[in-house]
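Report on the structure given below.
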Amino acid sequence: MTEFANRCYGFPCSIHVDPIEKKPFFHFLPGSKTFSLATVGCNLHCKNCQNWEISQANPEDSEAVFCPPEKLVELTKSYNCPSLSYTYTEPVIFYEYTYDTSRLAKAAGIRNALVTAAYINQEPWKRLLQYVDAVRIDLKAISDDFYRDVCSATLQPYWIPLF
């Protein structure tokens with residue numbers, strides 16, 4: 001686990017109960033609520049990010065409470081949410097936390113939803129998808145120039161098979 005991930009694991013900076021349509025998923029558990037969470041961080045640095053205050057923050061600069069995977073599953077159940085969404089920032093940044101929570105949630109009958117740029121290597125992506133029920137991939141553009149200029153990244157990882 002990287003030092004950044006180690007400081008994020010178990011420390012969400014944002015937790016909310018949202019309509020699933022806010023993610024936006026319209027054909028996955030329509031009309032239901034989803035327990036949503038994020039930690040700080042993103043592997044893109046988009047100039048137009050709507051959640052830049054948390055996506056570009058460092059763990060030490062964020063308000064967060066300790067909430068291990070078991071507690072997230074418990075909270076999801078207590079709010080009668082059939083799903084848990086990893087959203088607001090980039091769930092692959094807090095991969096280990098997302099993975100461990102997804103595994104426990106799936107075992108408890110809770111569905112897992114990712115809202116992600118999917119900027120991740122194939123092997124960890126495939127490992128995570130074993131426990132994920134829905135994925136919203138936010139492709140920013142179909143232009144490498146856009147990714148370089150706006151996101152400080154490249155489009156290249158998207159050309160690998162995602163599923």
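Labels used: A, B, ... for chains in the order of the structure tokens, numbers from 1 for residues in each chain, and numbers from 1 for ligands as shown.
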
**OP:** Please provide as a PyMOL selection string all residues within 10 Å of Asn43 (chain A), with the sequence filter that same-chain residues fewer than 5 positions apart are discarded (counting only C-alpha atoms).
**Re:** chain A and resi 55-56+89-93+117-120+151-153

**OP:** Show which residues sit within 10 Å of Gly10 (chain A), as a list in words. Count only C-alpha atoms, and ignore same-chain residues fewer than 5 positions away.
**Re:**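 Counting only C-alpha atoms, the residues come to Ala5, Thr39, Ala64, Val65, Phe66, Cys67, Pro68, Pro69, Glu70, Lys71, Leu72, Phe94, Glu96, Tyr97, Thr98 and Thr101 of chain A.
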
**OP:** For region 124-138 of chain A, list every protein, DNA or RNA residue within 10 Å, evaluated using only C-alpha atoms, and leave out those in the same chain fewer than 4 positions away; present the list as a VMD selection string.
**Re:** chain A and resid 23 to 25 27 to 29 83 to 87 92 95 to 96 98 to 107 110 to 120 162 to 163

**OP:** Please run DSSP on the backbone and report, as an MDAnalysis selection string, all residues within region 29-150 of chain A that come out as strand (DSSP E or B).
**Re:** chainID A and resid 33:38 83:86 111:116 134:137

**OP:** Looking only at alpha helix (DSSP H) from DSSP on the backbone, list the matching residues of region 5-159 of chain A as a PyMOL selection string.
**Re:** chain A and resi 5-8+52-55+69-78+95-107+122-129+144-151

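Using only C-alpha atoms, the smallest distance between any of A:Ile142, A:Ile20, A:Ile15, A:Ala57 and Ala38 (chain A) comes from A:Ile15.
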